[in-house]
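Undergrad: Below is target35.csv; it holds CSV, C-alpha atoms and all ligand atoms.
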chain,number,residue,atom,x,y,z
T,1,MET,CA,-11.5,23.2,-15.3
T,2,HIS,CA,-8.8,21.5,-13.2
T,3,ASN,CA,-8.5,17.9,-14.3
T,4,ILE,CA,-4.8,17.1,-14.0
T,5,ARG,CA,-2.7,15.2,-11.5
T,6,GLU,CA,0.9,15.6,-10.5
T,7,VAL,CA,1.7,11.9,-10.6
T,8,LEU,CA,5.4,12.2,-9.9
T,9,GLU,CA,7.4,15.3,-9.0
T,10,ASN,CA,7.0,17.7,-11.9
T,11,ILE,CA,5.3,15.1,-14.0
T,12,TYR,CA,1.6,15.8,-14.7
T,13,TYR,CA,-1.0,13.3,-15.8
T,14,VAL,CA,-3.0,15.1,-18.5
T,15,GLY,CA,-4.8,12.1,-19.9
T,16,VAL,CA,-8.5,11.5,-20.3
T,17,ASN,CA,-11.1,8.8,-19.6
T,18,ASP,CA,-13.2,7.4,-22.4
T,19,ARG,CA,-16.4,5.8,-21.0
T,20,ARG,CA,-18.4,6.2,-24.1
T,21,ILE,CA,-16.4,3.8,-26.2
T,22,ASP,CA,-18.0,0.3,-26.7
T,23,ARG,CA,-15.1,-1.5,-28.2
T,24,PHE,CA,-11.3,-0.9,-28.2
T,25,GLU,CA,-9.9,-1.0,-31.7
T,26,ASN,CA,-13.6,-1.5,-32.6
T,27,MET,CA,-13.2,-5.2,-31.6
T,28,PHE,CA,-12.7,-5.7,-27.9
T,29,PRO,CA,-15.7,-4.9,-25.7
T,30,LEU,CA,-15.0,-2.5,-22.8
T,31,GLU,CA,-16.9,-2.9,-19.6
T,32,ASN,CA,-15.8,0.3,-18.1
T,33,GLY,CA,-14.1,2.3,-20.8
T,34,VAL,CA,-10.4,3.0,-21.2
T,35,ALA,CA,-8.0,5.8,-20.3
T,36,TYR,CA,-5.7,7.4,-22.8
T,37,SER,CA,-2.8,8.6,-20.7
T,38,SER,CA,-0.5,11.4,-21.5
T,39,TYR,CA,2.0,13.3,-19.4
T,40,VAL,CA,3.6,16.7,-19.2
T,41,ILE,CA,7.2,16.9,-17.8
T,42,LYS,CA,7.9,20.3,-16.4
T,43,ASP,CA,11.6,21.1,-16.5
T,44,GLU,CA,14.0,23.6,-18.0
T,45,LYS,CA,12.5,22.3,-21.3
T,46,ASN,CA,8.9,21.1,-21.1
T,47,ALA,CA,7.8,17.9,-22.8
T,48,LEU,CA,4.5,16.4,-23.6
T,49,MET,CA,4.5,12.6,-23.8
T,50,ASP,CA,2.0,11.4,-26.4
T,51,SER,CA,-1.5,12.6,-27.0
T,52,VAL,CA,-5.1,11.2,-26.8
T,53,GLU,CA,-8.1,10.1,-28.8
T,54,ALA,CA,-10.0,12.4,-31.2
T,55,ALA,CA,-13.1,13.1,-29.0
T,56,PHE,CA,-11.2,14.8,-26.2
T,57,THR,CA,-9.4,17.7,-27.9
T,58,ARG,CA,-10.9,20.5,-25.8
T,59,GLN,CA,-10.4,18.9,-22.5
T,60,TYR,CA,-6.9,17.6,-23.4
T,61,LEU,CA,-5.6,21.0,-24.5
T,62,GLU,CA,-7.0,22.6,-21.4
T,63,ASN,CA,-5.2,19.9,-19.3
T,64,ILE,CA,-1.9,20.6,-21.0
T,65,GLU,CA,-2.3,24.3,-20.5
T,66,GLN,CA,-3.0,23.8,-16.8
T,67,ALA,CA,0.1,21.7,-16.5
T,68,LEU,CA,2.3,24.2,-18.4
T,69,ASP,CA,0.9,27.0,-16.3
T,70,GLY,CA,1.8,29.7,-18.7
T,71,GLU,CA,5.1,28.2,-19.9
T,72,ASP,CA,5.8,27.1,-23.4
T,73,LEU,CA,6.0,23.6,-24.7
T,74,ASP,CA,9.4,22.5,-26.2
T,75,TYR,CA,8.9,18.9,-27.2
T,76,ILE,CA,6.1,16.5,-28.1
T,77,VAL,CA,7.4,13.0,-27.7
T,78,ILE,CA,5.6,10.3,-29.7
T,79,HIS,CA,6.2,6.8,-28.4
T,80,HIS,CA,3.5,5.1,-30.5
T,81,MET,CA,1.6,6.2,-33.6
T,82,GLU,CA,-1.7,4.3,-33.0
T,83,PRO,CA,-4.5,6.8,-33.3
T,84,ASP,CA,-5.7,6.4,-29.8
T,85,HIS,CA,-2.6,8.3,-28.8
T,86,CYS,CA,-2.1,10.5,-31.8
T,87,ARG,CA,-5.4,12.2,-32.7
T,88,ASN,CA,-4.3,15.4,-31.1
T,89,ILE,CA,-0.7,15.8,-32.2
T,90,ASP,CA,-1.7,18.3,-34.9
T,91,PHE,CA,-3.7,20.4,-32.5
T,92,CYS,CA,-0.8,20.5,-30.1
T,93,MET,CA,1.7,21.3,-32.8
T,94,LYS,CA,-0.5,24.3,-33.9
T,95,LYS,CA,-1.2,25.5,-30.4
T,96,TRP,CA,2.5,25.4,-29.3
T,97,PRO,CA,4.4,26.4,-32.5
T,98,ASN,CA,7.8,26.2,-30.8
T,99,ALA,CA,7.4,22.6,-30.0
T,100,LYS,CA,9.5,20.0,-31.8
T,101,LEU,CA,8.0,16.6,-32.6
T,102,VAL,CA,10.2,13.9,-31.2
T,103,GLY,CA,10.0,10.5,-32.9
T,104,ASN,CA,12.0,8.0,-35.0
T,105,ALA,CA,12.0,7.6,-38.8
T,106,LYS,CA,9.1,5.2,-38.7
T,107,THR,CA,7.1,7.5,-36.4
T,108,PHE,CA,7.3,10.2,-39.0
T,109,LYS,CA,6.5,7.9,-41.8
T,110,PHE,CA,3.3,6.8,-40.0
T,111,TYR,CA,2.5,10.4,-39.1
T,112,GLU,CA,2.5,11.3,-42.8
T,113,GLN,CA,0.4,8.2,-43.6
T,114,PHE,CA,-2.3,9.0,-41.1
T,115,TYR,CA,-2.3,12.8,-41.3
T,116,ASN,CA,-2.0,15.6,-43.9
T,117,ASP,CA,-0.5,18.4,-41.9
T,118,GLU,CA,3.0,19.3,-42.7
T,119,PHE,CA,5.4,19.6,-39.8
T,120,LYS,CA,8.6,18.3,-41.4
T,121,ASP,CA,10.6,21.3,-40.4
T,122,ARG,CA,9.8,20.6,-36.7
T,123,TYR,CA,10.7,16.9,-36.7
T,124,TYR,CA,13.3,15.9,-34.1
T,125,GLU,CA,14.4,12.5,-35.2
T,126,VAL,CA,15.9,10.1,-32.6
T,127,LYS,CA,17.7,6.8,-32.9
T,128,ASP,CA,17.7,3.9,-30.5
T,129,GLY,CA,19.7,4.9,-27.4
T,130,ASP,CA,19.7,8.6,-28.2
T,131,GLU,CA,19.2,11.0,-25.3
T,132,LEU,CA,17.2,14.2,-24.9
T,133,ASN,CA,18.0,16.3,-21.9
T,134,LEU,CA,15.2,18.4,-20.5
T,135,GLY,CA,17.2,19.6,-17.4
T,136,ASN,CA,16.5,17.4,-14.4
T,137,HIS,CA,14.9,14.8,-16.6
T,138,ASN,CA,17.1,13.1,-19.2
T,139,LEU,CA,15.2,10.9,-21.7
T,140,LYS,CA,16.9,8.0,-23.2
T,141,PHE,CA,15.0,6.4,-26.1
T,142,VAL,CA,14.6,2.6,-26.1
T,143,PHE,CA,13.2,1.2,-29.3
T,144,ALA,CA,10.7,-1.6,-28.8
T,145,PRO,CA,9.7,-2.6,-32.4
T,146,MET,CA,6.5,-4.6,-32.7
T,147,VAL,CA,5.4,-4.1,-29.1
T,148,HIS,CA,2.9,-4.0,-30.9
T,149,TRP,CA,3.6,-1.6,-33.8
T,150,PRO,CA,6.9,-1.2,-35.7
T,151,GLU,CA,7.7,2.4,-34.6
T,152,VAL,CA,7.1,1.8,-30.8
T,153,MET,CA,9.7,3.2,-28.5
T,154,MET,CA,9.9,4.0,-24.8
T,155,SER,CA,11.7,6.7,-22.9
T,156,TYR,CA,13.8,6.0,-19.9
T,157,ASP,CA,14.5,9.0,-17.6
T,158,THR,CA,18.1,8.2,-16.6
T,159,ASN,CA,18.1,10.7,-13.8
T,160,ASN,CA,14.9,9.6,-12.2
T,161,GLN,CA,14.6,6.0,-13.3
T,162,ILE,CA,11.2,6.5,-14.8
T,163,LEU,CA,10.1,4.4,-17.8
T,164,PHE,CA,7.5,5.9,-20.2
T,165,SER,CA,6.4,2.5,-21.5
T,166,ALA,CA,4.0,3.3,-24.4
T,167,ASP,CA,1.2,0.6,-24.6
T,168,ALA,CA,3.2,-1.9,-22.5
T,169,PHE,CA,1.9,-2.3,-19.0
T,170,GLY,CA,-1.4,-0.7,-20.0
T,171,SER,CA,-4.8,-2.0,-19.1
T,172,PHE,CA,-8.5,-1.5,-20.1
T,173,ASN,CA,-10.8,0.4,-17.7
T,174,ALA,CA,-11.2,4.1,-17.2
T,175,ILE,CA,-9.3,5.4,-14.2
T,176,GLU,CA,-11.6,5.6,-11.2
T,177,GLY,CA,-9.8,8.1,-9.1
T,178,HIS,CA,-6.9,5.8,-8.2
T,179,LEU,CA,-4.1,6.6,-10.6
T,180,LYS,CA,-1.5,4.6,-8.7
T,181,ALA,CA,-1.4,0.9,-9.4
T,182,LYS,CA,-0.9,-0.1,-5.7
T,183,ASN,CA,-4.4,1.1,-5.0
T,184,VAL,CA,-6.1,-1.2,-7.6
T,185,ILE,CA,-4.0,-4.2,-8.4
T,186,HIS,CA,-5.2,-6.3,-5.5
T,187,LYS,CA,-8.5,-4.7,-4.8
T,188,THR,CA,-10.5,-4.5,-8.1
T,189,ASP,CA,-10.9,-6.4,-11.3
T,190,TRP,CA,-7.9,-4.6,-12.6
T,191,LEU,CA,-5.8,-7.7,-13.2
T,192,ASP,CA,-8.5,-9.2,-15.4
T,193,GLN,CA,-8.6,-6.1,-17.5
T,194,ALA,CA,-4.8,-5.8,-17.7
T,195,ARG,CA,-4.5,-9.4,-18.7
T,196,ARG,CA,-7.3,-9.1,-21.4
T,197,TYR,CA,-5.6,-6.0,-22.7
T,198,TYR,CA,-2.2,-7.6,-23.0
T,199,ILE,CA,-3.3,-11.0,-24.4
T,200,ASN,CA,-5.5,-9.6,-27.1
T,201,ILE,CA,-3.6,-6.5,-28.1
T,202,VAL,CA,0.1,-7.5,-27.5
T,203,GLY,CA,-0.2,-11.3,-27.1
T,204,LYS,CA,1.1,-12.2,-30.5
T,205,PHE,CA,4.3,-10.3,-29.9
T,206,GLY,CA,5.7,-12.3,-26.9
T,207,LYS,CA,9.1,-12.6,-28.6
T,208,GLN,CA,9.4,-8.8,-29.1
T,209,VAL,CA,8.3,-8.2,-25.5
T,210,GLN,CA,11.0,-10.7,-24.4
T,211,ALA,CA,13.6,-8.8,-26.5
T,212,LEU,CA,12.5,-5.5,-24.8
T,213,PHE,CA,13.0,-7.1,-21.4
T,214,LYS,CA,16.5,-8.1,-22.4
T,215,LYS,CA,17.2,-4.5,-23.4
T,216,ILE,CA,16.0,-3.0,-20.2
T,217,ASP,CA,17.4,-5.8,-18.0
T,218,GLY,CA,19.6,-4.3,-15.3
T,219,LEU,CA,18.0,-0.8,-15.5
T,220,GLU,CA,16.7,0.4,-12.2
T,221,ILE,CA,13.0,1.2,-12.6
T,222,LYS,CA,11.3,3.4,-9.9
T,223,ALA,CA,8.2,4.1,-11.9
T,224,ILE,CA,6.4,2.9,-15.1
T,225,LEU,CA,4.1,5.3,-16.8
T,226,PRO,CA,2.1,3.5,-19.5
T,227,LEU,CA,-0.4,4.9,-22.1
T,228,HIS,CA,-3.5,3.3,-20.6
T,229,GLY,CA,-4.4,2.6,-17.0
T,230,PRO,CA,-2.7,3.2,-13.7
T,231,VAL,CA,0.9,4.2,-13.2
T,232,TYR,CA,3.4,2.0,-11.2
T,233,GLU,CA,5.4,3.9,-8.7
T,234,ASP,CA,6.1,1.4,-6.0
T,235,LYS,CA,8.4,-1.6,-6.0
T,236,GLU,CA,5.7,-4.2,-5.2
T,237,SER,CA,3.4,-3.1,-8.1
T,238,ILE,CA,6.4,-2.9,-10.5
T,239,ASP,CA,7.6,-6.4,-9.5
T,240,PHE,CA,4.0,-7.7,-9.7
T,241,ILE,CA,3.4,-6.5,-13.3
T,242,LEU,CA,6.9,-7.5,-14.5
T,243,ASP,CA,6.3,-11.0,-13.2
T,244,LYS,CA,2.9,-11.1,-15.0
T,245,TYR,CA,4.4,-9.8,-18.2
T,246,THR,CA,7.3,-12.3,-18.0
T,247,LYS,CA,4.7,-15.1,-17.9
T,248,TRP,CA,2.4,-13.7,-20.6
T,249,ALA,CA,5.3,-12.9,-23.0
T,250,THR,CA,6.7,-16.5,-22.6
T,251,TYR,CA,3.3,-18.1,-23.0
T,252,THR,CA,3.6,-19.6,-19.5
T,253,PRO,CA,0.3,-20.4,-17.7
T,254,GLU,CA,-0.3,-18.2,-14.7
T,255,GLU,CA,-2.0,-21.0,-12.9
T,256,LYS,CA,-3.2,-24.6,-13.1
T,257,GLY,CA,-6.8,-24.8,-14.3
T,258,ILE,CA,-9.1,-26.1,-17.1
T,259,VAL,CA,-10.9,-24.1,-19.7
T,260,VAL,CA,-13.6,-25.9,-21.7
T,261,VAL,CA,-14.6,-24.1,-24.9
T,262,TYR,CA,-17.5,-25.5,-26.7
T,263,ALA,CA,-19.9,-24.8,-29.5
T,264,SER,CA,-23.4,-26.1,-29.2
T,265,MET,CA,-26.4,-25.5,-31.5
T,266,TYR,CA,-29.0,-27.6,-29.6
T,267,GLY,CA,-27.5,-28.0,-26.2
T,268,ASP,CA,-26.0,-31.5,-26.7
T,269,THR,CA,-22.4,-30.5,-26.8
T,270,GLU,CA,-23.0,-28.2,-23.9
T,271,GLN,CA,-24.3,-31.2,-22.0
T,272,ALA,CA,-21.1,-33.1,-22.8
T,273,ALA,CA,-19.0,-30.2,-21.6
T,274,ASP,CA,-21.1,-30.0,-18.4
T,275,ILE,CA,-20.7,-33.8,-17.8
T,276,LEU,CA,-16.9,-33.5,-18.3
T,277,ALA,CA,-16.7,-30.5,-15.9
T,278,ALA,CA,-18.7,-32.2,-13.3
T,279,GLU,CA,-16.6,-35.3,-13.5
T,280,LEU,CA,-13.5,-33.3,-13.2
T,281,ALA,CA,-14.8,-31.7,-10.0
T,282,ASP,CA,-16.0,-35.1,-8.7
T,283,LEU,CA,-12.5,-36.4,-9.3
T,284,GLY,CA,-11.2,-33.8,-6.9
T,285,VAL,CA,-10.0,-31.0,-9.2
T,286,THR,CA,-9.8,-28.0,-6.9
T,287,GLU,CA,-8.4,-25.6,-9.5
T,288,ASP,CA,-10.6,-23.4,-11.6
T,289,ILE,CA,-12.8,-25.0,-14.2
T,290,ARG,CA,-14.2,-22.5,-16.7
T,291,LEU,CA,-16.8,-23.2,-19.4
T,292,PHE,CA,-17.3,-20.9,-22.3
T,293,ASP,CA,-19.9,-21.2,-25.1
T,294,VAL,CA,-18.2,-19.7,-28.1
T,295,SER,CA,-21.5,-18.2,-29.2
T,296,ALA,CA,-22.2,-16.4,-25.9
T,297,TRP,CA,-18.8,-14.8,-25.2
T,298,ASP,CA,-16.7,-12.3,-27.0
T,299,PRO,CA,-13.6,-14.2,-28.0
T,300,SER,CA,-11.3,-11.8,-26.1
T,301,TYR,CA,-12.6,-13.3,-22.8
T,302,ILE,CA,-12.1,-16.9,-23.8
T,303,ILE,CA,-8.7,-16.3,-25.3
T,304,THR,CA,-7.6,-14.6,-22.1
T,305,ALA,CA,-8.7,-17.6,-20.0
T,306,CYS,CA,-6.9,-20.0,-22.4
T,307,HIS,CA,-3.7,-18.1,-21.9
T,308,ARG,CA,-4.2,-17.8,-18.1
T,309,TYR,CA,-4.7,-21.5,-17.4
T,310,SER,CA,-2.6,-24.6,-18.0
T,311,HIS,CA,-5.3,-26.9,-19.7
T,312,SER,CA,-7.9,-26.4,-22.3
T,313,VAL,CA,-10.6,-28.7,-23.8
T,314,PHE,CA,-12.0,-27.7,-27.2
T,315,ALA,CA,-15.4,-29.0,-28.2
T,316,PRO,CA,-15.9,-28.1,-31.9
T,317,ILE,CA,-18.9,-29.1,-33.9
T,318,ASN,CA,-19.7,-29.5,-37.6
T,319,TYR,CA,-21.5,-27.0,-39.7
T,320,ASN,CA,-22.0,-27.2,-43.4
T,321,SER,CA,-19.6,-30.1,-43.5
T,322,GLY,CA,-16.9,-27.9,-42.0
T,323,LEU,CA,-16.2,-26.2,-38.7
T,324,TYR,CA,-18.9,-24.2,-36.9
T,325,TYR,CA,-18.2,-20.6,-37.9
T,326,LYS,CA,-17.9,-19.1,-34.5
T,327,MET,CA,-15.6,-21.9,-33.3
T,328,GLU,CA,-13.5,-21.4,-36.4
T,329,ALA,CA,-13.3,-17.7,-35.9
T,330,PHE,CA,-12.5,-18.2,-32.2
T,331,LEU,CA,-9.7,-20.7,-32.9
T,332,GLN,CA,-8.1,-18.4,-35.5
T,333,GLU,CA,-8.2,-15.5,-33.2
T,334,LEU,CA,-6.7,-17.6,-30.4
T,335,VAL,CA,-3.8,-18.7,-32.6
T,336,GLY,CA,-3.4,-15.1,-33.6
T,337,THR,CA,-2.5,-14.2,-30.0
T,338,GLY,CA,0.4,-16.7,-30.0
T,339,TYR,CA,-1.4,-19.3,-27.9
T,340,GLN,CA,1.0,-22.2,-27.5
T,341,ASN,CA,2.5,-24.8,-25.3
T,342,ARG,CA,-0.6,-25.8,-23.4
T,343,HIS,CA,-2.1,-29.1,-22.5
T,344,VAL,CA,-5.2,-29.6,-24.7
T,345,SER,CA,-7.9,-32.1,-25.2
T,346,PHE,CA,-10.8,-32.5,-27.6
T,347,LEU,CA,-14.4,-33.6,-27.7
T,348,ASN,CA,-16.3,-33.4,-31.0
T,349,ASN,CA,-19.9,-33.6,-32.0
T,350,TRP,CA,-21.3,-34.2,-35.4
T,351,SER,CA,-24.4,-35.7,-36.9
T,352,TRP,CA,-23.1,-36.6,-40.4
T,353,GLY,CA,-19.8,-36.2,-42.2
T,354,GLY,CA,-17.8,-33.1,-41.5
T,355,THR,CA,-14.3,-32.1,-40.7
T,356,SER,CA,-14.6,-29.9,-37.6
T,357,LEU,CA,-12.2,-31.9,-35.4
T,358,LYS,CA,-9.6,-32.2,-38.1
T,359,LYS,CA,-9.8,-28.5,-38.9
T,360,SER,CA,-9.6,-27.5,-35.3
T,361,LYS,CA,-6.5,-29.5,-34.8
T,362,GLU,CA,-5.0,-28.0,-38.0
T,363,ILE,CA,-5.6,-24.5,-36.7
T,364,LEU,CA,-4.1,-25.2,-33.4
T,365,GLU,CA,-1.1,-27.2,-34.7
T,366,ALA,CA,1.4,-24.3,-34.7
T,367,GLY,CA,1.1,-24.0,-30.9
T,368,LYS,CA,3.0,-27.2,-30.3
T,369,HIS,CA,0.6,-28.4,-27.6
T,370,THR,CA,0.6,-31.5,-25.5
T,371,TYR,CA,-2.5,-33.5,-26.2
T,372,VAL,CA,-4.1,-35.1,-23.2
T,373,GLY,CA,-6.5,-38.1,-23.2
T,374,GLU,CA,-8.5,-39.7,-26.0
T,375,ASP,CA,-10.8,-37.5,-28.2
T,376,VAL,CA,-14.4,-38.0,-27.2
T,377,LEU,CA,-16.6,-38.4,-30.3
T,378,ILE,CA,-20.3,-37.8,-30.1
T,379,ASN,CA,-23.0,-38.4,-32.7
T,380,SER,CA,-25.7,-35.8,-32.1
T,381,SER,CA,-26.2,-36.5,-28.4
T,382,VAL,CA,-24.4,-38.0,-25.4
T,383,LYS,CA,-25.2,-41.7,-25.0
T,384,GLU,CA,-24.1,-44.0,-22.1
T,385,GLU,CA,-20.9,-45.1,-23.8
T,386,GLN,CA,-19.9,-41.4,-24.3
T,387,VAL,CA,-20.4,-40.8,-20.6
T,388,GLU,CA,-17.8,-43.4,-20.0
T,389,GLU,CA,-15.5,-41.8,-22.5
T,390,LEU,CA,-16.0,-38.4,-20.9
T,391,LYS,CA,-15.2,-39.9,-17.6
T,392,ALA,CA,-12.0,-41.4,-19.0
T,393,LEU,CA,-11.0,-38.0,-20.5
T,394,ALA,CA,-11.7,-36.3,-17.2
T,395,LYS,CA,-9.4,-38.9,-15.5
T,396,ALA,CA,-6.7,-38.3,-18.0
T,397,ILE,CA,-6.9,-34.5,-17.5
T,398,LYS,CA,-7.0,-34.8,-13.7
T,399,GLU,CA,-3.8,-37.0,-13.8
T,400,ASP,CA,-2.1,-34.6,-16.2
T,401,LEU,CA,-3.1,-31.6,-14.1
T,402,ASP,CA,-1.7,-33.2,-11.0
T,403,SER,CA,1.6,-33.9,-12.6
T,404,THR,CA,1.9,-30.4,-14.1
T,405,GLU,CA,4.4,-28.2,-12.4
T,406,LEU,CA,4.3,-24.4,-12.9
J,1,FE,FE,-1.4,0.6,-29.4
J,2,FE,FE,-2.8,2.4,-26.9
Is it possible to express this structure as structure tokens?

TA:
Amino acid sequence: MHNIREVLENIYYVGVNDRRIDRFENMFPLENGVAYSSYVIKDEKNALMDSVEAAFTRQYLENIEQALDGEDLDYIVIHHMEPDHCRNIDFCMKKWPNAKLVGNAKTFKFYEQFYNDEFKDRYYEVKDGDELNLGNHNLKFVFAPMVHWPEVMMSYDTNNQILFSADAFGSFNAIEGHLKAKNVIHKTDWLDQARRYYINIVGKFGKQVQALFKKIDGLEIKAILPLHGPVYEDKESIDFILDKYTKWATYTPEEKGIVVVYASMYGDTEQAADILAAELADLGVTEDIRLFDVSAWDPSYIITACHRYSHSVFAPINYNSGLYYKMEAFLQELVGTGYQNRHVSFLNNWSWGGTSLKKSKEILEAGKHTYVGEDVLINSSVKEEQVEELKALAKAIKEDLDSTEL
């Protein structure tokens, strides 16, 4: 079966599509699967770049065999030890007994933590900045610790200006024919999937991504080959994704807009959120207004929207004298992605007692947000005076939005 692609000259895509998976890392829902990418570099010495998930061994080994076309494998380079890329290392090591396993000290430590097979005598340990010459391709290793695991490294082909970027620049979605980014980035929902992937998987590690950018600053990059999703091999696509990553890693909103995240047991807080949204629109807000019920959406979608836009309104409610569980879980997860430096407002609903507003603010405190408008406080249902307060909050948000420069 021929299921490989020559993605760049003498570099073969041997990855696989996983359309049977429901959730990435058993947490993040996938609408259209995910691709585990892996590459074979054909040269004087042949190298395999990373491997793929457990369920694809047969197809994957066939793919590599096809790419090698009867030649031997000299190196298996491991950029990242997360099991979505490592479940077939042992099979490859057994099938190609002359191959050396290329990684750093932490790569091998994790290898031994996850797996029982002994390949110590075949380890080829590299340090940051070391080079491995394959012939025409010369791999220079660039360590990228905590993007998003400690052992992560990338390879930069100094002869051909190709960056093998590990999970960075990856995206959700199986590959639908188009392997080149230029054919999807403006035409499909690819950006939504790339953003949701980055924010939820890597979002917490913005500082480390910025450190990586400093490290690769000045390098000419003609192609980026990540471990998920399409490859970037034209200047416009590379510039496009680098610009997005710069914004995401610095927690800079991509665009002006308002996200309203509410919890509502009986529909009353939802009504308040709708009144606020309608008022914003009536005041002339032309930017996106997005409403999310925390009980209806997987948090990964709401979190991604909070990072994307400049303004958020949180509408927590009380439950068992504390914060409604789904809102609490959502806010904790949001903070876990490094959410910071946004313009935020609150409306709160409670019927008796409770600490939901206080608790919500405490959870969000580390993000150093700018608070906009007066909190709107509702007892059970929206009354006339709260409509006025919602209008006042909408006015404050509109004014703040208008004066926001991105
Ligand atoms: Fe990963
Ligand atoms: Fe991955």

Undergrad: For each of T:Ala278, T:Ala366, T:Ala272, T:Val313, take the minimum atom-to-atom distance to T:Ser381, counting only C-alpha atoms, then give the residue where this is smallest.

TA: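 Among the listed residues, the smallest separation from T:Ser381 belongs to T:Ala272.
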
Undergrad: Please find the residues contacting ligand FE 1 (chain J) at a distance of at most 12 Å between atoms, with all atoms listed in the file counted, and report them as number ranges by chain.

TA: T: 24-25, 36-37, 50, 52-53, 78-86, 145-153, 165-172, 197-198, 200-202, 226-228

Undergrad: Using all atoms listed in the file, give me every residue within 6 Å of (1.4, -19.6, -27.1) in file coordinates, as a PDB file with C-alpha atoms, keeping the file's coordinate frame.

TA:
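Result file result.pdb:
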ATOM      1  CA  TYR T 251       3.300 -18.100 -23.000  1.00  0.00           C
ATOM      2  CA  GLY T 338       0.400 -16.700 -30.000  1.00  0.00           C
ATOM      3  CA  TYR T 339      -1.400 -19.300 -27.900  1.00  0.00           C
ATOM      4  CA  GLN T 340       1.000 -22.200 -27.500  1.00  0.00           C
ATOM      5  CA  ASN T 341       2.500 -24.800 -25.300  1.00  0.00           C
ATOM      6  CA  GLY T 367       1.100 -24.000 -30.900  1.00  0.00           C
TER       7      GLY T 367
END

Undergrad: Need to verify the contact set: T:His343, 6 Å, all atoms listed in the file, exclusion of same-chain residues closer than 6 positions in sequence. Can you return it as a compact mmCIF listing (two decimals) with C-alpha atoms, in the frame of the given file?

TA:
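After the write, out13.txt holds the following:
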# COMPACT_ATOMS: atom_id res chain seq x y z
CA HIS T 311 -5.30 -26.90 -19.70
CA HIS T 369 0.60 -28.40 -27.60
CA THR T 370 0.60 -31.50 -25.50
CA TYR T 371 -2.50 -33.50 -26.20

Undergrad: Just checking: using all atoms listed in the file, which residue out of T:Val14, T:Ile258, T:Val34, T:Leu291 ends up closest to ligand FE 2 (chain J)?

TA: T:Val34

Undergrad: When you get a chance, write out all heavy atoms for stretch 401-405 of chain T, as a tab-separated table (two decimals), in the frame of the given file.

TA:
chain	number	residue	atom	x	y	z
T	401	LEU	N	-3.10	-32.84	-14.92
T	401	LEU	CA	-3.10	-31.60	-14.10
T	401	LEU	C	-2.28	-31.78	-12.86
T	401	LEU	O	-1.48	-30.91	-12.49
T	401	LEU	CB	-4.56	-31.25	-13.77
T	401	LEU	CG	-4.84	-29.88	-13.17
T	401	LEU	CD1	-4.69	-28.78	-14.22
T	401	LEU	CD2	-6.25	-29.82	-12.60
T	402	ASP	N	-2.48	-32.93	-12.21
T	402	ASP	CA	-1.70	-33.20	-11.00
T	402	ASP	C	-0.24	-33.28	-11.19
T	402	ASP	O	0.54	-32.93	-10.31
T	402	ASP	CB	-2.24	-34.51	-10.33
T	402	ASP	CG	-3.61	-34.35	-9.72
T	402	ASP	OD1	-4.06	-33.19	-9.55
T	402	ASP	OD2	-4.28	-35.37	-9.43
T	403	SER	N	0.15	-33.75	-12.37
T	403	SER	CA	1.60	-33.90	-12.60
T	403	SER	C	2.19	-32.64	-13.25
T	403	SER	O	3.38	-32.60	-13.56
T	403	SER	CB	1.86	-35.12	-13.49
T	403	SER	OG	1.26	-34.92	-14.75
T	404	THR	N	1.37	-31.62	-13.46
T	404	THR	CA	1.90	-30.40	-14.10
T	404	THR	C	2.52	-29.50	-13.01
T	404	THR	O	1.91	-29.24	-11.96
T	404	THR	CB	0.71	-29.60	-14.76
T	404	THR	OG1	0.18	-30.43	-15.80
T	404	THR	CG2	1.18	-28.28	-15.34
T	405	GLU	N	3.73	-29.08	-13.27
T	405	GLU	CA	4.40	-28.20	-12.40
T	405	GLU	C	4.50	-26.80	-13.02
T	405	GLU	O	4.92	-26.70	-14.17
T	405	GLU	CB	5.86	-28.66	-12.11
T	405	GLU	CG	5.98	-30.04	-11.50
T	405	GLU	CD	5.97	-30.00	-9.99
T	405	GLU	OE1	6.19	-28.92	-9.42
T	405	GLU	OE2	5.76	-31.08	-9.39
